[in-house]
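J.: Attaching a single structure in structure tokens format; questions to follow.
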Amino acid sequence: MNSPLHVPTTHKVRYDPLDPDTLTSPYALYAHLRETTPVFWHEQMESWVLTRYRDCREVLRDYRLFARDRRRVGEDVPEFRQSIQSLDPPAQTSLRGLFINSLRAQDFDGIGRRSQRQIADIFQRLSDRAEFNWMTEVAAPVSLTITAELLGVDEPELGPYVQISDALARRMDSGLLPSTVEAGDQARKDFNALVDSWFETNDRPGTLHDVRENAAKAKVPEHYIRNTTSVTFNASFGTVYATAGNVALTLLQHPEALEQLRNESLLDTGVDELIRFDGPAQGTSRVATRRTTIRDTVIEPGQTVLTLMAAANRDPEQFPRADELVLDRSPNQHLGFGWGPHACLGTMFGQLAVKQLVIGLLNAPAPLRLAGAPVRRRTATVRSLDVLPVTFRQ
């Protein structure tokens with residue numbers, strides 16, 4: 001157990017990530033935590049929680065002191081979970097290079113054009129509907145198609161894959177809901193088996209083809225490469241899916257921002273700002289490899305540190321007018337895609353996908369508008385919508 005040896009007692013902290021009000025909008029609570037208890041112990045998650053930008057970024061950067069690979073503190077990681085996410089530098093470096101180089105070699109412009117056509121076709125088909133769920137009818141199919149194209153694999157059946165992705169997202173909250181472990185681990189095994197079949201039969205152009213061609217350069221056991229392919233696919237789908245919902249809702253709530261994005265010079269900075277403002281990644285964990293101090297708090301070896309990246313992304317010390325959408329914000333070193341050696345492999349791809357959705361909304365047959373109350377998915381690590389009822393009908 002990671003029970004603390006030193007717990008600050010100045011403030012009593014109440015932080016329930018799954019509270020309905022927190023799911024709806026956590027940002028007022030994040031501001032309160034940043035101001036009063038920037039470092040606090042969360043009993044249920046058995047973690048130190050950080051809320052300020054500087055602290056979060058330093059933990060994510062310093063892999064020597066704060067490990068992603070929990071085997072460095074004596075814990076076990078089963079083989080089906082061994083991937084780029086369970087390695088730290090230097091063991092991680094060649095594997096990360098393999099995947100980053102393979103991803104960057106893809107035809108991003110072509111993928112973007114084809115995604116625009118798909119989005120336009122979906123919007124045209126839905127244009128006369130009195131109401132539709134953006135998440136199931138736009139976010140899910142667009143995210144799956146663009147991810148399968150990037151990886152160069154046959155697109156999985158949408159319904160079953162969404163169930164796998166949902167189970168994996170809920171598995172990330174096992175510290176709050178231990179009941180999610182069994183279903184999440186089974187989903188990981190099921191998807192790993194699908195990835196194994198891709199390795200045996202798939203030879204289409206794409207990231208997977210390039211990974212297979214250059215796998216020997218990674219100098220890691222083969223299961224790491226296959227499991228990392230699984231992680232990359234699901235991270236891509238899950239990030240684009242959740243971001244598509246958050247961005248659409250943000251633009252519905254700030255219609256003036258969508259109109260400003262007609263200025264093409266704002267598209268790139270605007271996409272980054274939308275991700276900073278309400279991105280899907282709420283937090284990620286590391287484990288201390290030796291005794292250290294963050295602010296006035298002693299962190300003991302083996303204790304978990306949770307960086308609340310979404311709270312850091314609203315830290316006014318780093319981001320002036322942090323609670324406003326500033327579409328030309330620059331620099332914008334947000335933590336929406338992580339930071340350091342475990343930053344998202346597909347950052348450029350995620351930005352591309354969101355950009356295509358924004359362009360699609362700008363070119364839609366009519367302005368999108370809300371048709372009912374949004375419903376948040378009950379997950380803490382990944383901030384996502386389950387239902388976003390919308391319509392193009394005026």
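Within each chain, counting starts at residue 1; across the structure tokens, chains are named A, B, ... in the order shown, with ligands numbered 1 upward in that order.
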Select from stretch 213-329 of chain A everything DSSP, run on the backbone, classes as helix (DSSP H, G or I), then give the selection as a PDB file with C-alpha atoms, in the first residue's frame.
T.:
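Here's the written file result-v1.pdb:
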```pdb
ATOM      1  CA  GLU A 213       9.321  -3.293 -41.429  1.00  0.00           C
ATOM      2  CA  ALA A 215      10.599  -3.573 -35.673  1.00  0.00           C
ATOM      3  CA  ALA A 216      14.119  -4.955 -35.167  1.00  0.00           C
ATOM      4  CA  LYS A 217      15.411  -1.416 -34.553  1.00  0.00           C
ATOM      5  CA  ALA A 218      13.405  -1.174 -31.336  1.00  0.00           C
ATOM      6  CA  GLU A 222       7.942  -8.572 -29.885  1.00  0.00           C
ATOM      7  CA  HIS A 223       5.004  -8.343 -27.484  1.00  0.00           C
ATOM      8  CA  TYR A 224       6.025  -4.788 -26.642  1.00  0.00           C
ATOM      9  CA  ILE A 225       5.607  -3.803 -30.280  1.00  0.00           C
ATOM     10  CA  ARG A 226       2.242  -5.514 -30.627  1.00  0.00           C
ATOM     11  CA  ASN A 227       0.959  -4.145 -27.319  1.00  0.00           C
ATOM     12  CA  THR A 228       2.192  -0.661 -28.227  1.00  0.00           C
ATOM     13  CA  THR A 229       0.278  -0.908 -31.507  1.00  0.00           C
ATOM     14  CA  SER A 230      -2.818  -1.726 -29.469  1.00  0.00           C
ATOM     15  CA  VAL A 231      -2.168   1.193 -27.111  1.00  0.00           C
ATOM     16  CA  THR A 232      -1.539   3.569 -30.027  1.00  0.00           C
ATOM     17  CA  PHE A 233      -4.741   2.604 -31.821  1.00  0.00           C
ATOM     18  CA  ASN A 234      -6.923   2.884 -28.750  1.00  0.00           C
ATOM     19  CA  ALA A 235      -5.269   6.081 -27.520  1.00  0.00           C
ATOM     20  CA  SER A 236      -5.827   7.637 -30.936  1.00  0.00           C
ATOM     21  CA  PHE A 237      -9.460   6.595 -31.112  1.00  0.00           C
ATOM     22  CA  GLY A 238     -10.221   7.468 -27.485  1.00  0.00           C
ATOM     23  CA  THR A 239      -8.516  10.858 -27.620  1.00  0.00           C
ATOM     24  CA  VAL A 240     -10.126  11.928 -30.891  1.00  0.00           C
ATOM     25  CA  TYR A 241     -13.527  10.611 -29.770  1.00  0.00           C
ATOM     26  CA  ALA A 242     -13.511  12.432 -26.425  1.00  0.00           C
ATOM     27  CA  THR A 243     -11.976  15.598 -27.869  1.00  0.00           C
ATOM     28  CA  ALA A 244     -14.549  15.690 -30.668  1.00  0.00           C
ATOM     29  CA  GLY A 245     -17.304  15.832 -28.080  1.00  0.00           C
ATOM     30  CA  ASN A 246     -15.631  18.358 -25.793  1.00  0.00           C
ATOM     31  CA  VAL A 247     -14.715  20.645 -28.697  1.00  0.00           C
ATOM     32  CA  ALA A 248     -18.184  20.504 -30.235  1.00  0.00           C
ATOM     33  CA  LEU A 249     -19.814  21.374 -26.907  1.00  0.00           C
ATOM     34  CA  THR A 250     -17.323  24.185 -26.261  1.00  0.00           C
ATOM     35  CA  LEU A 251     -18.061  25.704 -29.677  1.00  0.00           C
ATOM     36  CA  LEU A 252     -21.810  25.350 -29.132  1.00  0.00           C
ATOM     37  CA  GLN A 253     -21.394  27.222 -25.855  1.00  0.00           C
ATOM     38  CA  PRO A 255     -20.520  30.353 -30.994  1.00  0.00           C
ATOM     39  CA  GLU A 256     -18.426  33.482 -31.429  1.00  0.00           C
ATOM     40  CA  ALA A 257     -15.294  31.298 -31.245  1.00  0.00           C
ATOM     41  CA  LEU A 258     -16.430  29.118 -34.154  1.00  0.00           C
ATOM     42  CA  GLU A 259     -17.084  32.236 -36.212  1.00  0.00           C
ATOM     43  CA  GLN A 260     -13.606  33.551 -35.394  1.00  0.00           C
ATOM     44  CA  GLU A 264      -7.613  30.319 -41.260  1.00  0.00           C
ATOM     45  CA  SER A 265      -4.677  31.946 -39.467  1.00  0.00           C
ATOM     46  CA  LEU A 266      -6.371  31.022 -36.170  1.00  0.00           C
ATOM     47  CA  LEU A 267      -7.023  27.354 -36.937  1.00  0.00           C
ATOM     48  CA  ASP A 268      -3.782  25.859 -35.616  1.00  0.00           C
ATOM     49  CA  THR A 269      -3.552  27.965 -32.454  1.00  0.00           C
ATOM     50  CA  GLY A 270      -7.323  27.696 -32.019  1.00  0.00           C
ATOM     51  CA  VAL A 271      -7.259  23.893 -32.050  1.00  0.00           C
ATOM     52  CA  ASP A 272      -4.504  23.866 -29.414  1.00  0.00           C
ATOM     53  CA  GLU A 273      -6.492  26.315 -27.304  1.00  0.00           C
ATOM     54  CA  LEU A 274      -9.662  24.219 -27.503  1.00  0.00           C
ATOM     55  CA  ILE A 275      -7.674  21.225 -26.221  1.00  0.00           C
ATOM     56  CA  ARG A 276      -6.157  23.279 -23.395  1.00  0.00           C
ATOM     57  CA  PHE A 277      -9.546  24.722 -22.477  1.00  0.00           C
ATOM     58  CA  ASP A 278     -11.441  21.435 -22.127  1.00  0.00           C
ATOM     59  CA  MET A 309      -3.152  18.030 -16.090  1.00  0.00           C
ATOM     60  CA  ALA A 310      -6.560  19.588 -16.689  1.00  0.00           C
ATOM     61  CA  ALA A 311      -6.134  21.666 -13.531  1.00  0.00           C
ATOM     62  CA  ALA A 312      -2.637  22.648 -14.650  1.00  0.00           C
TER      63      ALA A 312
END
```
J.: With the cut-off set at 10 Å and counting only C-alpha atoms, tabulate each residue of stretch 1-115 of chain A with an atom at most that distance from an atom of stretch 341-363 of chain A, showing the nearest atom pair and its distance in Å to one decimal, ordered by chain and increasing number, as JSON lines.
T.:
```
{"residue": "A:Leu60", "atom": "CA", "partner": "A:His342", "partner_atom": "CA", "distance": 7.7}
{"residue": "A:Arg61", "atom": "CA", "partner": "A:Pro341", "partner_atom": "CA", "distance": 6.9}
{"residue": "A:Asp62", "atom": "CA", "partner": "A:Pro341", "partner_atom": "CA", "distance": 8.8}
{"residue": "A:Tyr63", "atom": "CA", "partner": "A:Pro341", "partner_atom": "CA", "distance": 7.5}
{"residue": "A:Arg68", "atom": "CA", "partner": "A:His342", "partner_atom": "CA", "distance": 8.3}
{"residue": "A:Ile84", "atom": "CA", "partner": "A:His342", "partner_atom": "CA", "distance": 8.3}
{"residue": "A:Gln85", "atom": "CA", "partner": "A:His342", "partner_atom": "CA", "distance": 7.2}
{"residue": "A:Ser86", "atom": "CA", "partner": "A:His342", "partner_atom": "CA", "distance": 9.7}
{"residue": "A:Leu87", "atom": "CA", "partner": "A:His342", "partner_atom": "CA", "distance": 9.1}
{"residue": "A:Asp88", "atom": "CA", "partner": "A:Pro341", "partner_atom": "CA", "distance": 7.6}
{"residue": "A:Pro89", "atom": "CA", "partner": "A:Pro341", "partner_atom": "CA", "distance": 7.4}
{"residue": "A:Pro90", "atom": "CA", "partner": "A:Pro341", "partner_atom": "CA", "distance": 9.9}
{"residue": "A:Gln92", "atom": "CA", "partner": "A:Pro341", "partner_atom": "CA", "distance": 8.5}
{"residue": "A:Thr93", "atom": "CA", "partner": "A:Pro341", "partner_atom": "CA", "distance": 8.3}
{"residue": "A:Arg96", "atom": "CA", "partner": "A:Leu345", "partner_atom": "CA", "distance": 7.7}
{"residue": "A:Gly97", "atom": "CA", "partner": "A:Leu345", "partner_atom": "CA", "distance": 9.4}
{"residue": "A:Phe99", "atom": "CA", "partner": "A:Leu345", "partner_atom": "CA", "distance": 7.4}
{"residue": "A:Ile100", "atom": "CA", "partner": "A:Leu345", "partner_atom": "CA", "distance": 6.0}
{"residue": "A:Asn101", "atom": "CA", "partner": "A:Leu345", "partner_atom": "CA", "distance": 9.8}
{"residue": "A:Leu103", "atom": "CA", "partner": "A:Gly346", "partner_atom": "CA", "distance": 7.3}
{"residue": "A:Arg104", "atom": "CA", "partner": "A:Met348", "partner_atom": "CA", "distance": 8.4}
{"residue": "A:Gln106", "atom": "CA", "partner": "A:Phe349", "partner_atom": "CA", "distance": 9.9}
{"residue": "A:Phe108", "atom": "CA", "partner": "A:Phe349", "partner_atom": "CA", "distance": 7.6}
{"residue": "A:Asp109", "atom": "CA", "partner": "A:Leu352", "partner_atom": "CA", "distance": 8.9}
{"residue": "A:Ile111", "atom": "CA", "partner": "A:Leu352", "partner_atom": "CA", "distance": 9.0}
{"residue": "A:Gly112", "atom": "CA", "partner": "A:Gln356", "partner_atom": "CA", "distance": 6.6}
{"residue": "A:Arg113", "atom": "CA", "partner": "A:Gln356", "partner_atom": "CA", "distance": 8.3}
{"residue": "A:Arg114", "atom": "CA", "partner": "A:Gln356", "partner_atom": "CA", "distance": 9.7}
{"residue": "A:Ser115", "atom": "CA", "partner": "A:Gln356", "partner_atom": "CA", "distance": 6.8}
```
J.: Give me the residues near stretch 131-137 of chain A as a list in words, where near means some atom within 6 Å (using only C-alpha atoms) and where sequence neighbours in that chain fewer than 4 positions away do not count.
T.: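 In the requested format, the answer is Val387, Leu388, Pro389, Val390 and Thr391 of chain A.
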J.: Which polymer residues have any atom within 10 Å of an atom of A:Gly159, counting only C-alpha atoms, with same-chain residues fewer than 4 positions away left out, as a list in words?
T.: Thr136, Ala140, Pro141, Gln163 and Ile164 of chain A
J.: Keeping only C-alpha atoms, write the selected residues as a JSON list (two decimals), in the first residue's frame.
T.:
```json
[["chain", "number", "residue", "atom", "x", "y", "z"],
["A", 136, "THR", "CA", -22.38, 7.99, -31.63],
["A", 140, "ALA", "CA", -17.27, 7.58, -32.99],
["A", 141, "PRO", "CA", -17.29, 6.79, -36.74],
["A", 163, "GLN", "CA", -17.39, -1.24, -26.12],
["A", 164, "ILE", "CA", -13.70, -2.22, -25.92]]
```
